[in-house]
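One file, input.tsv, carrying TSV, C-alpha atoms:
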```
chain	number	residue	atom	x	y	z
A	1	MET	CA	-10.25	121.11	22.87
A	2	LYS	CA	-8.59	119.40	25.86
A	3	ILE	CA	-11.96	118.04	26.97
A	4	LEU	CA	-12.58	116.57	23.50
A	5	ILE	CA	-9.18	114.86	23.53
A	6	LYS	CA	-9.77	113.58	27.06
A	7	TYR	CA	-13.15	112.04	26.14
A	8	SER	CA	-11.74	110.60	22.91
A	9	LEU	CA	-8.97	108.88	24.87
A	10	LEU	CA	-11.49	107.50	27.36
A	11	LEU	CA	-13.60	106.10	24.54
A	12	ILE	CA	-10.57	104.52	22.87
A	13	LEU	CA	-9.46	102.97	26.17
A	14	GLY	CA	-12.97	101.71	26.85
A	15	PHE	CA	-13.28	100.03	23.44
A	16	SER	CA	-9.75	98.63	23.74
A	17	ASN	CA	-10.62	97.11	27.13
A	18	LEU	CA	-13.84	95.60	25.74
A	19	ARG	CA	-11.96	94.10	22.77
A	20	PHE	CA	-9.27	92.74	25.12
A	21	GLN	CA	-11.95	91.15	27.33
A	22	GLN	CA	-13.59	89.55	24.29
A	23	GLN	CA	-10.24	88.18	23.12
A	24	GLN	CA	-9.56	86.76	26.60
A	25	GLY	CA	-12.86	84.88	26.67
A	26	PHE	CA	-14.73	87.43	28.78
A	27	ASP	CA	-18.46	86.82	28.72
A	28	PRO	CA	-20.69	89.40	30.42
A	29	ASN	CA	-23.38	86.70	30.77
A	30	SER	CA	-21.07	84.13	32.39
A	31	LYS	CA	-22.59	84.44	35.87
A	32	LEU	CA	-26.11	84.12	34.49
A	33	LYS	CA	-25.14	81.10	32.35
A	34	ALA	CA	-23.51	79.41	35.36
A	35	THR	CA	-26.67	80.01	37.41
A	36	TYR	CA	-28.86	78.63	34.64
A	37	ILE	CA	-26.65	75.55	34.30
A	38	TYR	CA	-26.83	74.87	38.02
A	39	ASN	CA	-30.61	75.31	38.00
A	40	PHE	CA	-30.94	72.90	35.05
A	41	THR	CA	-29.72	70.17	37.43
A	42	LYS	CA	-33.04	70.47	39.28
A	43	HIS	CA	-35.17	69.81	36.19
A	44	PHE	CA	-33.70	66.51	35.02
A	45	ASP	CA	-33.47	63.04	36.45
A	46	TRP	CA	-30.18	61.36	35.61
A	47	PRO	CA	-29.85	57.58	35.28
A	48	ASP	CA	-29.21	55.70	38.54
A	49	LYS	CA	-25.61	54.89	37.54
A	50	MET	CA	-24.89	58.66	37.52
A	51	LYS	CA	-26.29	59.38	40.98
A	52	SER	CA	-23.05	58.58	42.80
A	53	GLY	CA	-19.61	60.14	42.62
A	54	ASN	CA	-19.11	63.72	41.52
A	55	PHE	CA	-21.63	65.60	39.40
A	56	ILE	CA	-19.52	66.53	36.37
A	57	ILE	CA	-20.09	69.61	34.26
A	58	GLN	CA	-17.74	69.55	31.29
A	59	VAL	CA	-17.17	72.77	29.35
A	60	VAL	CA	-15.76	72.37	25.85
A	61	GLY	CA	-14.37	75.55	24.31
A	62	THR	CA	-12.94	78.83	25.53
A	63	ASN	CA	-14.66	81.05	28.06
A	64	SER	CA	-12.46	81.84	31.06
A	65	SER	CA	-15.09	83.97	32.82
A	66	LEU	CA	-17.65	81.14	32.64
A	67	ASN	CA	-15.10	78.66	33.97
A	68	GLN	CA	-14.38	81.02	36.89
A	69	GLU	CA	-18.09	81.35	37.70
A	70	LEU	CA	-18.66	77.59	37.54
A	71	SER	CA	-15.59	76.96	39.72
A	72	LYS	CA	-16.88	79.43	42.33
A	73	MET	CA	-20.22	77.66	42.26
A	74	ALA	CA	-18.58	74.23	42.61
A	75	ALA	CA	-16.80	75.39	45.76
A	76	SER	CA	-20.09	76.05	47.56
A	77	LYS	CA	-22.87	74.00	45.94
A	78	GLN	CA	-23.81	70.39	45.37
A	79	VAL	CA	-26.33	68.55	43.26
A	80	GLY	CA	-28.23	66.43	45.75
A	81	ASN	CA	-25.45	64.73	47.68
A	82	GLN	CA	-22.98	64.92	44.78
A	83	LYS	CA	-20.07	67.34	44.77
A	84	LEU	CA	-19.83	69.54	41.68
A	85	GLU	CA	-16.78	68.97	39.48
A	86	ILE	CA	-16.00	71.34	36.61
A	87	LYS	CA	-13.86	70.15	33.71
A	88	ASN	CA	-12.67	72.21	30.78
A	89	SER	CA	-11.56	69.81	28.10
A	90	SER	CA	-12.59	68.34	24.77
A	91	ILE	CA	-11.43	64.92	25.96
A	92	PHE	CA	-14.14	62.89	27.67
A	93	ASP	CA	-12.38	60.57	30.12
A	94	ASN	CA	-15.54	60.19	32.25
A	95	GLN	CA	-19.16	60.58	31.32
A	96	PRO	CA	-20.25	64.08	32.30
A	97	HIS	CA	-23.72	64.90	33.55
A	98	ILE	CA	-23.75	68.17	31.61
A	99	ILE	CA	-21.73	68.90	28.48
A	100	PHE	CA	-21.60	72.59	27.57
A	101	LEU	CA	-20.34	73.07	24.01
A	102	LEU	CA	-19.33	76.71	23.77
A	103	ASN	CA	-19.66	78.62	20.53
A	104	ASP	CA	-16.11	77.80	19.39
A	105	ALA	CA	-16.76	74.06	19.96
A	106	SER	CA	-20.25	73.90	18.46
A	107	ASP	CA	-19.01	71.94	15.46
A	108	MET	CA	-18.61	68.97	17.85
A	109	LEU	CA	-22.36	68.68	18.47
A	110	LYS	CA	-23.02	65.75	16.11
A	111	GLU	CA	-20.04	63.80	17.44
A	112	VAL	CA	-20.92	64.44	21.10
A	113	ALA	CA	-24.64	63.73	20.59
A	114	SER	CA	-23.77	60.45	18.91
A	115	LYS	CA	-21.22	59.44	21.55
A	116	PHE	CA	-23.56	60.11	24.50
A	117	LYS	CA	-26.92	59.23	22.91
A	118	GLY	CA	-29.13	57.56	25.51
A	119	LYS	CA	-26.44	57.64	28.21
A	120	GLY	CA	-27.82	60.46	30.35
A	121	SER	CA	-25.68	63.50	29.53
A	122	LEU	CA	-27.43	66.84	29.08
A	123	ILE	CA	-26.02	68.70	26.08
A	124	VAL	CA	-26.05	72.49	26.33
A	125	THR	CA	-24.96	74.81	23.50
A	126	GLU	CA	-24.90	78.52	22.72
A	127	LYS	CA	-25.19	78.97	18.97
A	128	ASN	CA	-28.35	79.74	17.01
A	129	GLY	CA	-30.08	76.68	15.61
A	130	LEU	CA	-28.39	74.06	17.77
A	131	ALA	CA	-31.48	73.04	19.74
A	132	LYS	CA	-32.99	71.99	16.41
A	133	ALA	CA	-29.70	70.27	15.52
A	134	GLY	CA	-29.51	68.07	18.62
A	135	SER	CA	-28.82	69.87	21.91
A	136	ALA	CA	-31.41	69.81	24.69
A	137	ILE	CA	-30.64	73.35	25.89
A	138	ASN	CA	-29.35	76.19	23.72
A	139	PHE	CA	-28.56	79.69	24.98
A	140	VAL	CA	-29.65	82.52	22.68
A	141	ALA	CA	-29.68	86.31	22.87
A	142	ILE	CA	-33.04	87.92	22.17
A	143	ASP	CA	-33.37	91.69	22.41
A	144	SER	CA	-29.96	91.75	24.16
A	145	LYS	CA	-31.23	89.38	26.86
A	146	LEU	CA	-30.00	85.88	27.56
A	147	LYS	CA	-32.69	83.26	27.01
A	148	PHE	CA	-32.59	79.55	26.34
A	149	GLU	CA	-34.22	77.16	23.96
A	150	TYR	CA	-35.33	73.77	25.27
A	151	SER	CA	-35.94	70.58	23.34
A	152	LYS	CA	-37.56	67.93	25.52
A	153	HIS	CA	-37.32	65.55	22.57
A	154	ASN	CA	-33.51	65.91	22.53
A	155	ALA	CA	-33.31	65.56	26.33
A	156	VAL	CA	-35.19	62.27	26.14
A	157	LYS	CA	-32.90	61.11	23.28
A	158	GLU	CA	-29.97	61.93	25.57
A	159	GLY	CA	-31.40	59.48	28.11
A	160	LEU	CA	-32.80	61.98	30.59
A	161	LYS	CA	-36.14	61.97	32.34
A	162	THR	CA	-37.75	65.36	32.60
A	163	GLY	CA	-41.06	66.98	33.33
A	164	ASP	CA	-42.54	70.05	31.74
A	165	GLY	CA	-41.08	72.47	34.31
A	166	LEU	CA	-38.70	74.08	31.84
A	167	ASN	CA	-41.43	74.77	29.28
A	168	SER	CA	-42.61	77.89	31.11
A	169	LEU	CA	-39.06	79.25	31.40
A	170	ALA	CA	-37.77	78.43	27.93
A	171	ILE	CA	-38.37	78.90	24.26
A	172	VAL	CA	-39.73	75.44	23.50
A	173	ILE	CA	-38.26	73.71	20.44
A	174	ASP	CA	-39.76	70.50	19.01
```
Once more with this new file: its structure as structure tokens, please.
Amino acid sequence: MKILIKYSLLLILGFSNLRFQQQQGFDPNSKLKATYIYNFTKHFDWPDKMKSGNFIIQVVGTNSSLNQELSKMAASKQVGNQKLEIKNSSIFDNQPHIIFLLNDASDMLKEVASKFKGKGSLIVTEKNGLAKAGSAINFVAIDSKLKFEYSKHNAVKEGLKTGDGLNSLAIVID
């Protein structure tokens, strides 16, 4: 009987911890998403006006574990000769290179796509159907694995030059 109570308490504590982590913006895929985002920088050619100053990745929405991973990455990596700068805000005071609209900010896609159309900002999302709705990259979970959809058409509309390198890595949408 004591063993049953002990295991029951462990299960309750485990589920409570998982729920707490979810409420605090914990994302078990945050490190993988940060790595993907950094690697996306190698597959696009930004307009000349964006090849100086800091390389800005702006995260819109709540995901503290992703922000931590991106901040760690920014401390040690660069994009070409540009220093990485991570912003977490829904206010766009500078034009970011990458805009990551998290799930809780996905309703901003139309507004953001309109504001930055043709200006050279890569829009990344993480909600089903958003690559068809206007983002160039959209994270999806398939069979409990993180994958991403890629719309070259949307990337070109965003003002980015790109080859077909992502096609072999992504679920192609167009």
For Phe148 (chain A), please output as a list in words all residues within 10 Å (counting all atoms listed in the file; exclusion window: fewer than 2 positions along the same chain).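 Listing them by chain and then by number gives Lys33, Tyr36, Val124, Thr125, Glu126, Ala131, Ala136, Ile137, Asn138, Phe139, Val140, Ala141, Ile142, Lys145, Leu146, Tyr150, Leu166, Leu169, Ala170, Ile171 and Val172 of chain A.
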Skip Ile99 (chain A) itself and residues of its chain fewer than 3 positions away, then list as an NGL selection string all residues within 9 Å of it, counting all atoms listed in the file. :A and (56-60 or 96 or 112 or 121-125)
Give me, please, the distance in Å between CA of Lys157 (chain A) and CA of Gly129 (chain A), quoted to one decimal.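 If I compute the distance from CA of Lys157 (chain A) to CA of Gly129 (chain A), I get 17.6 Å.
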Counting all atoms listed in the file, find the residues whose atoms lie at most 8 Å from (-28.3, 69.0, 18.9) (file coordinates) and write them out as a PyMOL selection string. chain A and resi 109-110+113+123+130-136+154
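With CA of Leu66 (chain A) on one side and CA of Ser144 (chain A) on the other, the separation reads 18.3 Å.
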Using all atoms listed in the file for the distances, tell me which of A:Ser151, A:Gln78, A:Asn128, A:Asn88 is nearest to Asn54 (chain A). A:Gln78
Could you pull the residues within 9 Å of Ser52 (chain A), counting only C-alpha atoms, minus those fewer than 4 positions along the same chain, as a PyMOL selection string? chain A and resi 48+81-82
Include C-alpha atoms and write out the residues we just selected as a compact mmCIF listing (two decimals), in the coordinates of the input.
```txt
# COMPACT_ATOMS: atom_id res chain seq x y z
CA ASP A 48 -29.21 55.70 38.54
CA ASN A 81 -25.45 64.73 47.68
CA GLN A 82 -22.98 64.92 44.78
```
Any idea what's packed within 8 Å of Leu70 (chain A), counting only C-alpha atoms, ignoring anything in its chain fewer than 4 positions away? Could you give it as a PyMOL selection string? chain A and resi 34+66+74+86
Please write the residues from the selection above to a file, keeping C-alpha atoms, as an mmCIF file, in the frame of the given file.
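Result file follows (part38.cif):
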```cif
data_model
loop_
_atom_site.group_PDB
_atom_site.id
_atom_site.type_symbol
_atom_site.label_atom_id
_atom_site.label_comp_id
_atom_site.auth_asym_id
_atom_site.auth_seq_id
_atom_site.Cartn_x
_atom_site.Cartn_y
_atom_site.Cartn_z
ATOM 1 C CA ALA A 34 -23.510 79.410 35.360
ATOM 2 C CA LEU A 66 -17.650 81.140 32.640
ATOM 3 C CA ALA A 74 -18.580 74.230 42.610
ATOM 4 C CA ILE A 86 -16.000 71.340 36.610
#
```
Quick check, in Å to one decimal: how far apart do CA of Ser106 (chain A) and CA of Asp45 (chain A) lie?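 It comes out at 24.8 Å.
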Can you put N, CA and C atoms back into region 91-123 of chain A and show it as a PDB file, in the coordinates of the input?
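Result file follows (rebuild31.pdb):
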```pdb
ATOM      1  N   ILE A  91     -11.661  66.349  25.790  1.00  0.00           N
ATOM      2  CA  ILE A  91     -11.430  64.920  25.960  1.00  0.00           C
ATOM      3  C   ILE A  91     -12.367  64.419  27.054  1.00  0.00           C
ATOM      4  N   PHE A  92     -13.161  63.425  26.725  1.00  0.00           N
ATOM      5  CA  PHE A  92     -14.140  62.890  27.670  1.00  0.00           C
ATOM      6  C   PHE A  92     -13.585  61.616  28.295  1.00  0.00           C
ATOM      7  N   ASP A  93     -12.916  61.757  29.442  1.00  0.00           N
ATOM      8  CA  ASP A  93     -12.380  60.570  30.120  1.00  0.00           C
ATOM      9  C   ASP A  93     -13.416  59.941  31.041  1.00  0.00           C
ATOM     10  N   ASN A  94     -14.402  60.691  31.477  1.00  0.00           N
ATOM     11  CA  ASN A  94     -15.540  60.190  32.250  1.00  0.00           C
ATOM     12  C   ASN A  94     -16.801  60.706  31.584  1.00  0.00           C
ATOM     13  N   GLN A  95     -17.911  60.078  31.879  1.00  0.00           N
ATOM     14  CA  GLN A  95     -19.160  60.580  31.320  1.00  0.00           C
ATOM     15  C   GLN A  95     -19.652  61.746  32.163  1.00  0.00           C
ATOM     16  N   PRO A  96     -19.740  62.929  31.558  1.00  0.00           N
ATOM     17  CA  PRO A  96     -20.250  64.080  32.300  1.00  0.00           C
ATOM     18  C   PRO A  96     -21.772  64.069  32.389  1.00  0.00           C
ATOM     19  N   HIS A  97     -22.280  64.714  33.415  1.00  0.00           N
ATOM     20  CA  HIS A  97     -23.720  64.900  33.550  1.00  0.00           C
ATOM     21  C   HIS A  97     -24.202  65.967  32.573  1.00  0.00           C
ATOM     22  N   ILE A  98     -23.426  67.064  32.514  1.00  0.00           N
ATOM     23  CA  ILE A  98     -23.750  68.170  31.610  1.00  0.00           C
ATOM     24  C   ILE A  98     -22.531  68.441  30.730  1.00  0.00           C
ATOM     25  N   ILE A  99     -22.773  68.528  29.431  1.00  0.00           N
ATOM     26  CA  ILE A  99     -21.730  68.900  28.480  1.00  0.00           C
ATOM     27  C   ILE A  99     -22.137  70.242  27.895  1.00  0.00           C
ATOM     28  N   PHE A 100     -21.314  71.259  28.104  1.00  0.00           N
ATOM     29  CA  PHE A 100     -21.600  72.590  27.570  1.00  0.00           C
ATOM     30  C   PHE A 100     -20.627  72.841  26.427  1.00  0.00           C
ATOM     31  N   LEU A 101     -21.141  72.781  25.201  1.00  0.00           N
ATOM     32  CA  LEU A 101     -20.340  73.070  24.010  1.00  0.00           C
ATOM     33  C   LEU A 101     -20.434  74.565  23.733  1.00  0.00           C
ATOM     34  N   LEU A 102     -19.351  75.265  24.010  1.00  0.00           N
ATOM     35  CA  LEU A 102     -19.330  76.710  23.770  1.00  0.00           C
ATOM     36  C   LEU A 102     -19.326  76.976  22.270  1.00  0.00           C
ATOM     37  N   ASN A 103     -19.544  78.216  21.932  1.00  0.00           N
ATOM     38  CA  ASN A 103     -19.660  78.620  20.530  1.00  0.00           C
ATOM     39  C   ASN A 103     -18.499  78.100  19.682  1.00  0.00           C
ATOM     40  N   ASP A 104     -17.272  78.215  20.184  1.00  0.00           N
ATOM     41  CA  ASP A 104     -16.110  77.800  19.390  1.00  0.00           C
ATOM     42  C   ASP A 104     -15.949  76.278  19.318  1.00  0.00           C
ATOM     43  N   ALA A 105     -16.796  75.527  20.021  1.00  0.00           N
ATOM     44  CA  ALA A 105     -16.760  74.060  19.960  1.00  0.00           C
ATOM     45  C   ALA A 105     -18.074  73.490  19.428  1.00  0.00           C
ATOM     46  N   SER A 106     -18.929  74.342  18.894  1.00  0.00           N
ATOM     47  CA  SER A 106     -20.250  73.900  18.460  1.00  0.00           C
ATOM     48  C   SER A 106     -20.206  72.913  17.303  1.00  0.00           C
ATOM     49  N   ASP A 107     -19.116  72.892  16.565  1.00  0.00           N
ATOM     50  CA  ASP A 107     -19.010  71.940  15.460  1.00  0.00           C
ATOM     51  C   ASP A 107     -18.878  70.493  15.958  1.00  0.00           C
ATOM     52  N   MET A 108     -18.710  70.306  17.254  1.00  0.00           N
ATOM     53  CA  MET A 108     -18.610  68.970  17.850  1.00  0.00           C
ATOM     54  C   MET A 108     -19.970  68.379  18.227  1.00  0.00           C
ATOM     55  N   LEU A 109     -21.048  69.116  17.999  1.00  0.00           N
ATOM     56  CA  LEU A 109     -22.360  68.680  18.470  1.00  0.00           C
ATOM     57  C   LEU A 109     -22.748  67.293  17.955  1.00  0.00           C
ATOM     58  N   LYS A 110     -22.633  67.056  16.661  1.00  0.00           N
ATOM     59  CA  LYS A 110     -23.020  65.750  16.110  1.00  0.00           C
ATOM     60  C   LYS A 110     -22.227  64.621  16.751  1.00  0.00           C
ATOM     61  N   GLU A 111     -20.922  64.821  16.862  1.00  0.00           N
ATOM     62  CA  GLU A 111     -20.040  63.800  17.440  1.00  0.00           C
ATOM     63  C   GLU A 111     -20.405  63.529  18.903  1.00  0.00           C
ATOM     64  N   VAL A 112     -20.598  64.580  19.679  1.00  0.00           N
ATOM     65  CA  VAL A 112     -20.920  64.440  21.100  1.00  0.00           C
ATOM     66  C   VAL A 112     -22.303  63.822  21.277  1.00  0.00           C
ATOM     67  N   ALA A 113     -23.283  64.284  20.493  1.00  0.00           N
ATOM     68  CA  ALA A 113     -24.640  63.730  20.590  1.00  0.00           C
ATOM     69  C   ALA A 113     -24.645  62.246  20.255  1.00  0.00           C
ATOM     70  N   SER A 114     -23.860  61.856  19.281  1.00  0.00           N
ATOM     71  CA  SER A 114     -23.770  60.450  18.910  1.00  0.00           C
ATOM     72  C   SER A 114     -23.086  59.621  20.003  1.00  0.00           C
ATOM     73  N   LYS A 115     -21.993  60.163  20.537  1.00  0.00           N
ATOM     74  CA  LYS A 115     -21.220  59.440  21.550  1.00  0.00           C
ATOM     75  C   LYS A 115     -22.028  59.210  22.833  1.00  0.00           C
ATOM     76  N   PHE A 116     -22.843  60.196  23.227  1.00  0.00           N
ATOM     77  CA  PHE A 116     -23.560  60.110  24.500  1.00  0.00           C
ATOM     78  C   PHE A 116     -25.058  59.856  24.347  1.00  0.00           C
ATOM     79  N   LYS A 117     -25.498  59.488  23.152  1.00  0.00           N
ATOM     80  CA  LYS A 117     -26.920  59.230  22.910  1.00  0.00           C
ATOM     81  C   LYS A 117     -27.432  58.159  23.872  1.00  0.00           C
ATOM     82  N   GLY A 118     -28.485  58.501  24.604  1.00  0.00           N
ATOM     83  CA  GLY A 118     -29.130  57.560  25.510  1.00  0.00           C
ATOM     84  C   GLY A 118     -28.379  57.270  26.794  1.00  0.00           C
ATOM     85  N   LYS A 119     -27.273  57.951  27.039  1.00  0.00           N
ATOM     86  CA  LYS A 119     -26.440  57.640  28.210  1.00  0.00           C
ATOM     87  C   LYS A 119     -26.685  58.558  29.402  1.00  0.00           C
ATOM     88  N   GLY A 120     -27.480  59.618  29.212  1.00  0.00           N
ATOM     89  CA  GLY A 120     -27.820  60.460  30.350  1.00  0.00           C
ATOM     90  C   GLY A 120     -26.989  61.709  30.526  1.00  0.00           C
ATOM     91  N   SER A 121     -26.421  62.234  29.454  1.00  0.00           N
ATOM     92  CA  SER A 121     -25.680  63.500  29.530  1.00  0.00           C
ATOM     93  C   SER A 121     -26.503  64.599  28.879  1.00  0.00           C
ATOM     94  N   LEU A 122     -26.704  65.690  29.599  1.00  0.00           N
ATOM     95  CA  LEU A 122     -27.430  66.840  29.080  1.00  0.00           C
ATOM     96  C   LEU A 122     -26.480  67.675  28.227  1.00  0.00           C
ATOM     97  N   ILE A 123     -26.859  67.900  26.974  1.00  0.00           N
ATOM     98  CA  ILE A 123     -26.020  68.700  26.080  1.00  0.00           C
ATOM     99  C   ILE A 123     -26.574  70.112  26.007  1.00  0.00           C
TER     100      ILE A 123
END
```
